[in-house]
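**Q** I am sharing structure00.cif, which consists of mmCIF, N, CA and C atoms:
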```cif
data_entry
loop_
_atom_site.label_atom_id
_atom_site.label_comp_id
_atom_site.auth_asym_id
_atom_site.auth_seq_id
_atom_site.Cartn_x
_atom_site.Cartn_y
_atom_site.Cartn_z
N MET A 21 1.92 -38.17 4.27
CA MET A 21 1.50 -38.27 2.90
C MET A 21 2.46 -37.45 2.03
N ALA A 22 2.99 -38.08 1.01
CA ALA A 22 3.89 -37.40 0.08
C ALA A 22 3.06 -36.83 -1.07
N VAL A 23 3.40 -35.61 -1.47
CA VAL A 23 2.66 -34.92 -2.53
C VAL A 23 3.62 -34.46 -3.62
N ASP A 24 3.27 -34.78 -4.85
CA ASP A 24 4.00 -34.32 -6.03
C ASP A 24 3.31 -33.06 -6.52
N LEU A 25 4.05 -31.95 -6.54
CA LEU A 25 3.52 -30.69 -7.06
C LEU A 25 4.00 -30.53 -8.49
N VAL A 26 3.11 -30.14 -9.38
CA VAL A 26 3.46 -29.94 -10.78
C VAL A 26 3.33 -28.46 -11.10
N ILE A 27 4.38 -27.93 -11.70
CA ILE A 27 4.43 -26.51 -12.05
C ILE A 27 4.76 -26.42 -13.53
N ASP A 28 3.91 -25.71 -14.27
CA ASP A 28 4.16 -25.46 -15.69
C ASP A 28 5.03 -24.22 -15.77
N ILE A 29 6.25 -24.38 -16.29
CA ILE A 29 7.17 -23.25 -16.36
C ILE A 29 7.64 -23.03 -17.79
N GLU A 30 8.11 -21.82 -18.04
CA GLU A 30 8.74 -21.55 -19.32
C GLU A 30 10.07 -22.30 -19.34
N ASN A 31 10.38 -22.86 -20.48
CA ASN A 31 11.64 -23.59 -20.60
C ASN A 31 12.72 -22.59 -21.03
N THR A 32 13.14 -21.77 -20.07
CA THR A 32 14.14 -20.73 -20.32
C THR A 32 15.20 -20.80 -19.22
N PRO A 33 16.39 -20.29 -19.49
CA PRO A 33 17.42 -20.26 -18.46
C PRO A 33 16.92 -19.49 -17.23
N GLY A 34 17.07 -20.10 -16.08
CA GLY A 34 16.70 -19.45 -14.83
C GLY A 34 15.31 -19.78 -14.30
N ALA A 35 14.47 -20.43 -15.11
CA ALA A 35 13.11 -20.74 -14.66
C ALA A 35 13.13 -21.69 -13.45
N LEU A 36 13.94 -22.73 -13.52
CA LEU A 36 14.04 -23.65 -12.39
C LEU A 36 14.66 -22.96 -11.18
N ALA A 37 15.64 -22.11 -11.42
CA ALA A 37 16.27 -21.37 -10.31
C ALA A 37 15.25 -20.51 -9.58
N GLU A 38 14.32 -19.92 -10.32
CA GLU A 38 13.28 -19.08 -9.69
C GLU A 38 12.40 -19.90 -8.75
N VAL A 39 12.00 -21.07 -9.21
CA VAL A 39 11.17 -21.94 -8.38
C VAL A 39 11.95 -22.43 -7.16
N ALA A 40 13.17 -22.90 -7.39
CA ALA A 40 13.99 -23.41 -6.29
C ALA A 40 14.26 -22.32 -5.26
N ALA A 41 14.52 -21.11 -5.72
CA ALA A 41 14.79 -20.00 -4.79
C ALA A 41 13.55 -19.65 -3.98
N ALA A 42 12.39 -19.65 -4.62
CA ALA A 42 11.15 -19.32 -3.92
C ALA A 42 10.91 -20.28 -2.76
N ILE A 43 11.24 -21.53 -2.97
CA ILE A 43 11.04 -22.53 -1.92
C ILE A 43 12.15 -22.48 -0.88
N SER A 44 13.39 -22.45 -1.34
CA SER A 44 14.51 -22.51 -0.39
C SER A 44 14.69 -21.23 0.42
N ASP A 45 14.34 -20.07 -0.13
CA ASP A 45 14.49 -18.82 0.60
C ASP A 45 13.67 -18.80 1.88
N ALA A 46 12.61 -19.58 1.91
CA ALA A 46 11.78 -19.65 3.11
C ALA A 46 12.13 -20.85 3.98
N GLY A 47 13.22 -21.54 3.63
CA GLY A 47 13.68 -22.65 4.45
C GLY A 47 13.04 -23.98 4.14
N GLU A 48 12.27 -24.07 3.08
CA GLU A 48 11.64 -25.34 2.69
C GLU A 48 12.62 -26.12 1.82
N ASN A 49 12.67 -27.42 1.99
CA ASN A 49 13.60 -28.27 1.25
C ASN A 49 12.89 -28.97 0.10
N ILE A 50 13.55 -29.06 -1.03
CA ILE A 50 13.04 -29.85 -2.15
C ILE A 50 13.64 -31.25 -2.01
N SER A 51 12.78 -32.24 -1.81
CA SER A 51 13.23 -33.61 -1.59
C SER A 51 13.52 -34.34 -2.89
N ALA A 52 12.85 -33.92 -3.97
CA ALA A 52 13.05 -34.54 -5.28
C ALA A 52 12.52 -33.60 -6.34
N ALA A 53 13.03 -33.74 -7.54
CA ALA A 53 12.54 -32.93 -8.65
C ALA A 53 12.86 -33.62 -9.97
N THR A 54 12.00 -33.39 -10.93
CA THR A 54 12.25 -33.80 -12.30
C THR A 54 11.56 -32.79 -13.20
N CYS A 55 12.16 -32.52 -14.33
CA CYS A 55 11.61 -31.54 -15.24
C CYS A 55 11.60 -32.14 -16.64
N ILE A 56 10.43 -32.06 -17.30
CA ILE A 56 10.27 -32.67 -18.61
C ILE A 56 9.71 -31.62 -19.56
N GLY A 57 10.31 -31.48 -20.71
CA GLY A 57 9.77 -30.56 -21.69
C GLY A 57 10.84 -29.91 -22.53
N PRO A 58 11.11 -30.46 -23.69
CA PRO A 58 12.15 -29.90 -24.54
C PRO A 58 11.69 -28.68 -25.34
N GLY A 59 10.39 -28.34 -25.28
CA GLY A 59 9.86 -27.23 -26.07
C GLY A 59 9.91 -25.91 -25.30
N GLU A 60 8.97 -25.04 -25.59
CA GLU A 60 8.90 -23.73 -24.95
C GLU A 60 8.43 -23.79 -23.51
N ARG A 61 7.66 -24.82 -23.16
CA ARG A 61 7.16 -25.00 -21.80
C ARG A 61 7.72 -26.30 -21.24
N ALA A 62 7.82 -26.37 -19.94
CA ALA A 62 8.30 -27.59 -19.27
C ALA A 62 7.39 -27.89 -18.09
N GLU A 63 7.31 -29.15 -17.74
CA GLU A 63 6.53 -29.58 -16.60
C GLU A 63 7.50 -29.99 -15.51
N LEU A 64 7.50 -29.23 -14.44
CA LEU A 64 8.38 -29.46 -13.31
C LEU A 64 7.61 -30.19 -12.22
N HIS A 65 8.12 -31.33 -11.79
CA HIS A 65 7.55 -32.08 -10.66
C HIS A 65 8.48 -31.90 -9.48
N ILE A 66 7.93 -31.51 -8.34
CA ILE A 66 8.75 -31.41 -7.14
C ILE A 66 8.06 -32.10 -5.98
N LEU A 67 8.88 -32.67 -5.13
CA LEU A 67 8.42 -33.32 -3.91
C LEU A 67 8.97 -32.50 -2.75
N VAL A 68 8.09 -32.02 -1.91
CA VAL A 68 8.50 -31.21 -0.76
C VAL A 68 7.84 -31.77 0.50
N PRO A 69 8.48 -31.59 1.66
CA PRO A 69 7.90 -32.11 2.90
C PRO A 69 6.58 -31.44 3.29
N HIS A 70 6.40 -30.19 2.93
CA HIS A 70 5.22 -29.44 3.34
C HIS A 70 4.59 -28.79 2.10
N ALA A 71 3.67 -29.51 1.45
CA ALA A 71 3.10 -29.05 0.18
C ALA A 71 2.37 -27.73 0.32
N GLU A 72 1.61 -27.56 1.39
CA GLU A 72 0.85 -26.32 1.56
C GLU A 72 1.78 -25.12 1.68
N ALA A 73 2.84 -25.27 2.44
CA ALA A 73 3.81 -24.18 2.59
C ALA A 73 4.47 -23.87 1.25
N ALA A 74 4.82 -24.90 0.50
CA ALA A 74 5.47 -24.69 -0.80
C ALA A 74 4.53 -23.98 -1.76
N ARG A 75 3.25 -24.40 -1.79
CA ARG A 75 2.27 -23.72 -2.65
C ARG A 75 2.18 -22.24 -2.31
N HIS A 76 2.15 -21.93 -1.02
CA HIS A 76 2.07 -20.54 -0.56
C HIS A 76 3.31 -19.75 -0.99
N LEU A 77 4.48 -20.33 -0.78
CA LEU A 77 5.73 -19.65 -1.13
C LEU A 77 5.81 -19.40 -2.63
N LEU A 78 5.37 -20.36 -3.40
CA LEU A 78 5.40 -20.21 -4.85
C LEU A 78 4.40 -19.14 -5.31
N ALA A 79 3.22 -19.12 -4.69
CA ALA A 79 2.21 -18.12 -5.06
C ALA A 79 2.72 -16.71 -4.80
N ILE A 80 3.43 -16.52 -3.71
CA ILE A 80 4.01 -15.21 -3.39
C ILE A 80 4.97 -14.79 -4.50
N SER A 81 5.67 -15.76 -5.09
CA SER A 81 6.62 -15.49 -6.17
C SER A 81 5.95 -15.51 -7.54
N HIS A 82 4.63 -15.56 -7.56
CA HIS A 82 3.85 -15.59 -8.81
C HIS A 82 4.13 -16.82 -9.66
N VAL A 83 4.36 -17.94 -8.98
CA VAL A 83 4.53 -19.23 -9.64
C VAL A 83 3.39 -20.11 -9.16
N ALA A 84 2.59 -20.61 -10.10
CA ALA A 84 1.41 -21.39 -9.73
C ALA A 84 1.66 -22.88 -9.84
N VAL A 85 1.17 -23.61 -8.87
CA VAL A 85 1.15 -25.07 -8.93
C VAL A 85 -0.06 -25.43 -9.79
N THR A 86 0.17 -26.13 -10.90
CA THR A 86 -0.92 -26.43 -11.82
C THR A 86 -1.67 -27.71 -11.44
N ARG A 87 -0.96 -28.64 -10.81
CA ARG A 87 -1.59 -29.89 -10.35
C ARG A 87 -0.82 -30.39 -9.15
N GLU A 88 -1.48 -31.22 -8.38
CA GLU A 88 -0.79 -31.92 -7.31
C GLU A 88 -1.49 -33.24 -7.08
N ARG A 89 -0.72 -34.19 -6.57
CA ARG A 89 -1.29 -35.50 -6.30
C ARG A 89 -0.46 -36.23 -5.26
N GLU A 90 -1.11 -37.15 -4.61
CA GLU A 90 -0.42 -37.99 -3.65
C GLU A 90 0.45 -38.99 -4.40
N VAL A 91 1.63 -39.23 -3.89
CA VAL A 91 2.55 -40.20 -4.47
C VAL A 91 3.08 -41.09 -3.35
N VAL A 92 3.74 -42.14 -3.73
CA VAL A 92 4.34 -43.06 -2.78
C VAL A 92 5.86 -42.94 -2.91
N VAL A 93 6.53 -42.73 -1.78
CA VAL A 93 7.99 -42.62 -1.76
C VAL A 93 8.54 -43.86 -1.05
N VAL A 94 9.43 -44.55 -1.74
CA VAL A 94 9.97 -45.80 -1.22
C VAL A 94 11.47 -45.64 -1.01
N GLU A 95 11.93 -45.98 0.19
CA GLU A 95 13.37 -45.99 0.46
C GLU A 95 13.95 -47.25 -0.15
N VAL A 96 15.04 -47.09 -0.88
CA VAL A 96 15.65 -48.23 -1.57
C VAL A 96 17.15 -48.25 -1.31
N GLU A 97 17.73 -49.41 -1.54
CA GLU A 97 19.18 -49.54 -1.49
C GLU A 97 19.73 -49.13 -2.84
N ASP A 98 20.83 -48.41 -2.85
CA ASP A 98 21.43 -47.94 -4.09
C ASP A 98 22.35 -49.02 -4.66
N ARG A 99 21.74 -49.91 -5.44
CA ARG A 99 22.50 -50.99 -6.07
C ARG A 99 21.77 -51.43 -7.33
N PRO A 100 22.48 -52.07 -8.26
CA PRO A 100 21.86 -52.53 -9.49
C PRO A 100 20.70 -53.50 -9.23
N GLY A 101 19.62 -53.33 -9.98
CA GLY A 101 18.50 -54.26 -9.90
C GLY A 101 17.39 -53.87 -8.96
N VAL A 102 17.62 -52.90 -8.10
CA VAL A 102 16.59 -52.53 -7.11
C VAL A 102 15.33 -52.00 -7.79
N LEU A 103 15.50 -51.10 -8.74
CA LEU A 103 14.33 -50.55 -9.43
C LEU A 103 13.60 -51.65 -10.20
N ALA A 104 14.33 -52.53 -10.85
CA ALA A 104 13.70 -53.63 -11.59
C ALA A 104 12.90 -54.52 -10.65
N ASP A 105 13.48 -54.88 -9.51
CA ASP A 105 12.77 -55.72 -8.54
C ASP A 105 11.51 -55.05 -8.02
N LEU A 106 11.62 -53.80 -7.68
CA LEU A 106 10.48 -53.06 -7.12
C LEU A 106 9.37 -52.88 -8.15
N THR A 107 9.73 -52.54 -9.36
CA THR A 107 8.70 -52.34 -10.37
C THR A 107 8.07 -53.66 -10.83
N ARG A 108 8.81 -54.76 -10.76
CA ARG A 108 8.20 -56.07 -11.02
C ARG A 108 7.14 -56.37 -9.97
N LYS A 109 7.45 -56.08 -8.73
CA LYS A 109 6.51 -56.29 -7.63
C LYS A 109 5.24 -55.46 -7.85
N ILE A 110 5.40 -54.23 -8.26
CA ILE A 110 4.26 -53.35 -8.52
C ILE A 110 3.45 -53.90 -9.71
N ALA A 111 4.13 -54.35 -10.74
CA ALA A 111 3.45 -54.91 -11.91
C ALA A 111 2.66 -56.16 -11.55
N ARG A 112 3.24 -57.03 -10.71
CA ARG A 112 2.53 -58.25 -10.29
C ARG A 112 1.25 -57.90 -9.53
N ALA A 113 1.22 -56.74 -8.89
CA ALA A 113 0.01 -56.30 -8.17
C ALA A 113 -0.99 -55.67 -9.13
N GLY A 114 -0.63 -55.58 -10.42
CA GLY A 114 -1.54 -55.04 -11.41
C GLY A 114 -1.63 -53.52 -11.43
N VAL A 115 -0.62 -52.86 -10.87
CA VAL A 115 -0.62 -51.40 -10.80
C VAL A 115 0.15 -50.83 -11.98
N ASN A 116 -0.48 -49.91 -12.69
CA ASN A 116 0.16 -49.24 -13.81
C ASN A 116 0.74 -47.91 -13.34
N LEU A 117 2.05 -47.79 -13.37
CA LEU A 117 2.71 -46.56 -12.95
C LEU A 117 2.57 -45.50 -14.03
N ASP A 118 2.37 -44.25 -13.61
CA ASP A 118 2.35 -43.15 -14.56
C ASP A 118 3.31 -42.04 -14.17
N LEU A 119 4.11 -42.29 -13.13
CA LEU A 119 5.12 -41.33 -12.70
C LEU A 119 6.20 -42.06 -11.92
N VAL A 120 7.44 -41.79 -12.25
CA VAL A 120 8.58 -42.34 -11.50
C VAL A 120 9.71 -41.33 -11.58
N TYR A 121 10.27 -40.99 -10.42
CA TYR A 121 11.52 -40.22 -10.42
C TYR A 121 12.28 -40.49 -9.14
N VAL A 122 13.56 -40.21 -9.16
CA VAL A 122 14.44 -40.51 -8.03
C VAL A 122 14.51 -39.30 -7.10
N ALA A 123 14.47 -39.59 -5.82
CA ALA A 123 14.54 -38.54 -4.80
C ALA A 123 15.89 -38.62 -4.08
N THR A 124 16.13 -37.65 -3.23
CA THR A 124 17.35 -37.64 -2.44
C THR A 124 17.33 -38.79 -1.44
N ARG A 125 18.50 -39.11 -0.91
CA ARG A 125 18.67 -40.14 0.12
C ARG A 125 18.13 -41.51 -0.31
N ASP A 126 18.45 -41.93 -1.54
CA ASP A 126 18.11 -43.27 -2.03
C ASP A 126 16.63 -43.59 -1.92
N ARG A 127 15.82 -42.74 -2.50
CA ARG A 127 14.37 -42.96 -2.53
C ARG A 127 13.87 -42.83 -3.96
N VAL A 128 12.77 -43.53 -4.24
CA VAL A 128 12.13 -43.45 -5.54
C VAL A 128 10.69 -43.01 -5.33
N VAL A 129 10.22 -42.10 -6.17
CA VAL A 129 8.86 -41.57 -6.10
C VAL A 129 8.04 -42.25 -7.18
N PHE A 130 6.88 -42.80 -6.80
CA PHE A 130 5.98 -43.47 -7.74
C PHE A 130 4.61 -42.83 -7.70
N GLY A 131 3.99 -42.73 -8.85
CA GLY A 131 2.61 -42.27 -8.94
C GLY A 131 1.80 -43.24 -9.77
N ALA A 132 0.52 -43.38 -9.41
CA ALA A 132 -0.40 -44.25 -10.14
C ALA A 132 -1.82 -43.79 -9.87
N ALA A 133 -2.72 -44.10 -10.78
CA ALA A 133 -4.12 -43.74 -10.58
C ALA A 133 -4.68 -44.41 -9.33
N ASP A 134 -4.28 -45.64 -9.09
CA ASP A 134 -4.75 -46.38 -7.91
C ASP A 134 -3.66 -46.31 -6.82
N ILE A 135 -3.67 -45.22 -6.08
CA ILE A 135 -2.62 -44.98 -5.08
C ILE A 135 -2.68 -46.01 -3.95
N ALA A 136 -3.86 -46.46 -3.59
CA ALA A 136 -3.99 -47.45 -2.51
C ALA A 136 -3.36 -48.78 -2.94
N ALA A 137 -3.59 -49.20 -4.16
CA ALA A 137 -3.00 -50.44 -4.66
C ALA A 137 -1.49 -50.30 -4.77
N LEU A 138 -1.04 -49.14 -5.19
CA LEU A 138 0.41 -48.90 -5.27
C LEU A 138 1.04 -48.99 -3.89
N ARG A 139 0.43 -48.33 -2.93
CA ARG A 139 0.95 -48.35 -1.57
C ARG A 139 1.01 -49.79 -1.04
N ALA A 140 -0.03 -50.56 -1.29
CA ALA A 140 -0.06 -51.96 -0.83
C ALA A 140 1.02 -52.78 -1.53
N ALA A 141 1.26 -52.50 -2.80
CA ALA A 141 2.24 -53.27 -3.56
C ALA A 141 3.66 -53.07 -3.07
N VAL A 142 3.98 -51.90 -2.58
CA VAL A 142 5.36 -51.63 -2.17
C VAL A 142 5.61 -51.85 -0.68
N ARG A 143 4.60 -52.26 0.03
CA ARG A 143 4.79 -52.55 1.47
C ARG A 143 5.65 -53.76 1.68
#
```
Using C-alpha coordinates, write down the structure that the file contains.

**A**
Amino acid sequence: MAVDLVIDIENTPGALAEVAAAISDAGENISAATCIGPGERAELHILVPHAEAARHLLAISHVAVTREREVVVVEVEDRPGVLADLTRKIARAGVNLDLVYVATRDRVVFGAADIAALRAAVR
(Lines of atoms letter the chains of each structure in order from A and count residues from 1; the text may use other names and numbers.)
(Lines give C-alpha, C1' and ligand atoms only; values in the text may rest on other atoms or scores of the structure.)
Protein backbone atom coordinates (compact mmCIF):
# COMPACT_ATOMS: atom_id res chain seq x y z
CA MET A 1 0.00 0.00 0.00
CA ALA A 2 1.39 3.38 -1.02
CA VAL A 3 0.83 6.27 1.37
CA ASP A 4 1.04 10.00 0.65
CA LEU A 5 2.20 11.91 3.74
CA VAL A 6 1.29 15.59 3.93
CA ILE A 7 3.40 17.96 5.97
CA ASP A 8 2.52 21.62 6.54
CA ILE A 9 5.82 23.50 6.50
CA GLU A 10 6.95 27.09 6.60
CA ASN A 11 7.75 28.30 3.13
CA THR A 12 11.30 29.37 4.01
CA PRO A 13 14.75 28.44 2.72
CA GLY A 14 15.80 25.13 4.23
CA ALA A 15 12.36 23.86 5.29
CA LEU A 16 12.35 21.09 2.68
CA ALA A 17 15.98 20.27 3.48
CA GLU A 18 15.01 19.73 7.13
CA VAL A 19 12.30 17.24 6.21
CA ALA A 20 14.46 15.45 3.64
CA ALA A 21 17.36 15.20 6.11
CA ALA A 22 15.13 13.82 8.87
CA ILE A 23 14.05 11.01 6.58
CA SER A 24 17.31 10.29 4.78
CA ASP A 25 19.53 10.43 7.89
CA ALA A 26 17.80 7.28 9.09
CA GLY A 27 18.19 5.56 5.73
CA GLU A 28 14.61 6.01 4.53
CA ASN A 29 14.16 6.91 0.86
CA ILE A 30 11.77 9.52 -0.51
CA SER A 31 10.17 7.96 -3.58
CA ALA A 32 8.32 11.10 -4.67
CA ALA A 33 7.62 14.62 -3.48
CA THR A 34 5.73 17.72 -4.46
CA CYS A 35 5.41 20.99 -2.62
CA ILE A 36 2.65 23.53 -3.16
CA GLY A 37 2.32 26.92 -1.54
CA PRO A 38 3.58 30.26 -2.73
CA GLY A 39 2.65 31.99 0.56
CA GLU A 40 4.07 31.76 4.07
CA ARG A 41 3.09 28.08 4.44
CA ALA A 42 3.50 25.21 2.00
CA GLU A 43 1.96 21.77 1.74
CA LEU A 44 4.58 19.11 1.16
CA HIS A 45 3.45 15.71 -0.15
CA ILE A 46 5.92 12.85 0.12
CA LEU A 47 5.74 9.22 -0.83
CA VAL A 48 7.95 6.90 1.20
CA PRO A 49 8.23 3.09 1.26
CA HIS A 50 7.64 2.90 5.02
CA ALA A 51 5.12 5.53 6.18
CA GLU A 52 5.21 4.55 9.85
CA ALA A 53 8.99 4.82 9.99
CA ALA A 54 8.91 8.19 8.20
CA ARG A 55 6.27 9.54 10.62
CA HIS A 56 8.45 8.46 13.54
CA LEU A 57 11.61 10.00 12.08
CA LEU A 58 9.82 13.25 11.37
CA ALA A 59 8.32 13.40 14.87
CA ILE A 60 11.79 13.04 16.38
CA SER A 61 12.78 16.10 14.31
CA HIS A 62 9.67 17.97 15.52
CA VAL A 63 8.05 17.83 12.09
CA ALA A 64 4.44 16.65 12.14
CA VAL A 65 2.60 14.80 9.42
CA THR A 66 -0.70 16.67 9.17
CA ARG A 67 -2.52 14.16 6.95
CA GLU A 68 -1.93 10.90 5.21
CA ARG A 69 -3.84 8.82 2.73
CA GLU A 70 -3.55 5.80 0.54
CA VAL A 71 -2.62 6.54 -3.06
CA VAL A 72 -2.12 4.51 -6.20
CA VAL A 73 1.32 4.44 -7.83
CA VAL A 74 1.42 3.42 -11.48
CA GLU A 75 4.57 2.50 -13.39
CA VAL A 76 4.53 4.22 -16.76
CA GLU A 77 6.66 4.49 -19.86
CA ASP A 78 8.41 7.86 -20.18
CA ARG A 79 7.01 9.05 -23.49
CA PRO A 80 4.57 11.67 -24.78
CA GLY A 81 0.89 10.86 -24.28
CA VAL A 82 1.21 8.36 -21.45
CA LEU A 83 -0.33 10.63 -18.82
CA ALA A 84 -3.13 11.63 -21.21
CA ASP A 85 -3.93 7.98 -21.98
CA LEU A 86 -3.89 6.95 -18.34
CA THR A 87 -6.01 9.84 -17.11
CA ARG A 88 -8.54 9.26 -19.92
CA LYS A 89 -8.86 5.68 -18.70
CA ILE A 90 -9.41 6.90 -15.14
CA ALA A 91 -11.98 9.45 -16.34
CA ARG A 92 -13.90 6.78 -18.30
CA ALA A 93 -14.17 4.85 -15.01
CA GLY A 94 -15.83 7.92 -13.49
CA VAL A 95 -13.01 8.58 -11.02
CA ASN A 96 -12.29 12.18 -10.09
CA LEU A 97 -8.60 12.67 -9.30
CA ASP A 98 -7.66 15.09 -6.54
CA LEU A 99 -3.92 14.45 -6.45
CA VAL A 100 -1.31 13.75 -9.13
CA TYR A 101 2.46 13.95 -8.98
CA VAL A 102 5.41 12.24 -10.62
CA ALA A 103 7.58 9.81 -8.70
CA THR A 104 11.05 8.43 -9.32
CA ARG A 105 11.66 5.60 -11.79
CA ASP A 106 8.89 6.59 -14.25
CA ARG A 107 5.93 6.37 -11.89
CA VAL A 108 2.90 8.59 -11.35
CA VAL A 109 1.11 8.97 -8.01
CA PHE A 110 -2.69 9.37 -8.08
CA GLY A 111 -5.13 10.15 -5.30
CA ALA A 112 -8.94 10.08 -5.30
CA ALA A 113 -11.75 9.87 -2.79
CA ASP A 114 -12.72 6.47 -4.23
CA ILE A 115 -9.37 4.68 -3.99
CA ALA A 116 -10.88 1.28 -4.88
CA ALA A 117 -12.35 2.63 -8.12
CA LEU A 118 -9.07 4.35 -8.93
CA ARG A 119 -7.12 1.16 -8.35
CA ALA A 120 -9.54 -0.78 -10.59
CA ALA A 121 -9.32 1.87 -13.31
CA VAL A 122 -5.54 1.68 -13.62
CA ARG A 123 -5.26 -2.11 -13.59

**Q** Could you tell me which residues the PyMOL selection byres ((chain A and resi 133) around 6.5) grabs in this file, written as number ranges by chain?

**A** A: 116-118, 131-132, 134-136

**Q** What do you get, as a list of chain:residue names, if you spell out every residue that the PyMOL selection byres ((chain A and resi 91) around 6.5) selects here?

**A**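 This file, filtered by the PyMOL selection byres ((chain A and resi 91) around 6.5), leaves A:Met21, A:Ala22, A:Val23, A:Asp24, A:Arg89, A:Glu90, A:Val92, A:Val93, A:Val129, A:Phe130, A:Gly131, A:Ala132.
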
**Q** May I ask for the distance between CA of His82 in chain A and CA of Gly57 in chain A, given in Å to one decimal place?

**A**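 Here the two named atoms are 20.6 Å from each other.
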
**Q** Could you go through chain A and tell me which residues DSSP, when run on the backbone, assigns to strand (DSSP E or B), listing them as a ChimeraX atom specification?

**A** /A:22-30,52-56,61-67,87-95,117-123,127-132

**Q** Write out as a count of residues only the set of residues from chain A that DSSP, computed on the backbone, places in alpha helix (DSSP H).

**A** 39

**Q** Please indicate the distance in Å from atom C of Ala41 in chain A to atom N of Leu78 in chain A, rounded to one decimal place.

**A**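 So the two atoms, atom C of Ala41 in chain A and atom N of Leu78 in chain A, lie 8.2 Å apart.
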
**Q** Using all atoms listed in the file, pick whichever of A:Ile43, A:Ile50, A:Leu106, A:Ala62 has the shortest atom-to-atom distance to Leu77 in chain A.

**A**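 Comparing A:Ile43, A:Ile50, A:Leu106, A:Ala62 against Leu77 in chain A, the winner is A:Ile43.
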
**Q** At what distance in Å, to one decimal, does CA of Ala52 in chain A lie from atom C of Val128 in chain A?

**A**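 So the two atoms, atom C of Val128 in chain A and CA of Ala52 in chain A, lie 8.8 Å apart.
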
**Q** When distances are computed from only C-alpha atoms, which of A:Ala40, A:Val26, A:Ile56, A:Ala141 shows the smallest separation from Ile110 in chain A?

**A** A:Ala141

**Q** Find the spatial neighbours of Val96 in chain A, counting only C-alpha atoms, within a cut-off of 8 Å - ignore same-chain residues fewer than 5 positions away - and output them as a ChimeraX atom specification.

**A** /A:102,126-128

**Q** Hey, what's within 10 Å of Cys55 in chain A if we count only C-alpha atoms and toss same-chain stuff fewer than 2 positions away? As an NGL selection string, please?

**A** :A and (26-29 or 31 or 36 or 53 or 57-58 or 62-66 or 121)

**Q** So which residues touch Glu30 in chain A within 6.5 Å, counting all atoms listed in the file, skipping near sequence neighbours fewer than 4 positions away, as a list in words?

**A**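 The residues satisfying every condition are Ala35, Glu60, Arg61 and Ala62 of chain A.
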
**Q** Calculated over all atoms listed in the file, which of the candidates A:Ala111, A:Leu119, A:Leu25, A:Val94 has the smallest distance to Val68 in chain A?

**A** A:Leu25

**Q** Could you check which of A:Val83, A:Val142, A:Ala137, A:Leu103 is closest to Glu38 in chain A, using only N, CA and C atoms?

**A**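 Answer, going by the shortest atom-to-atom distance: A:Val83.
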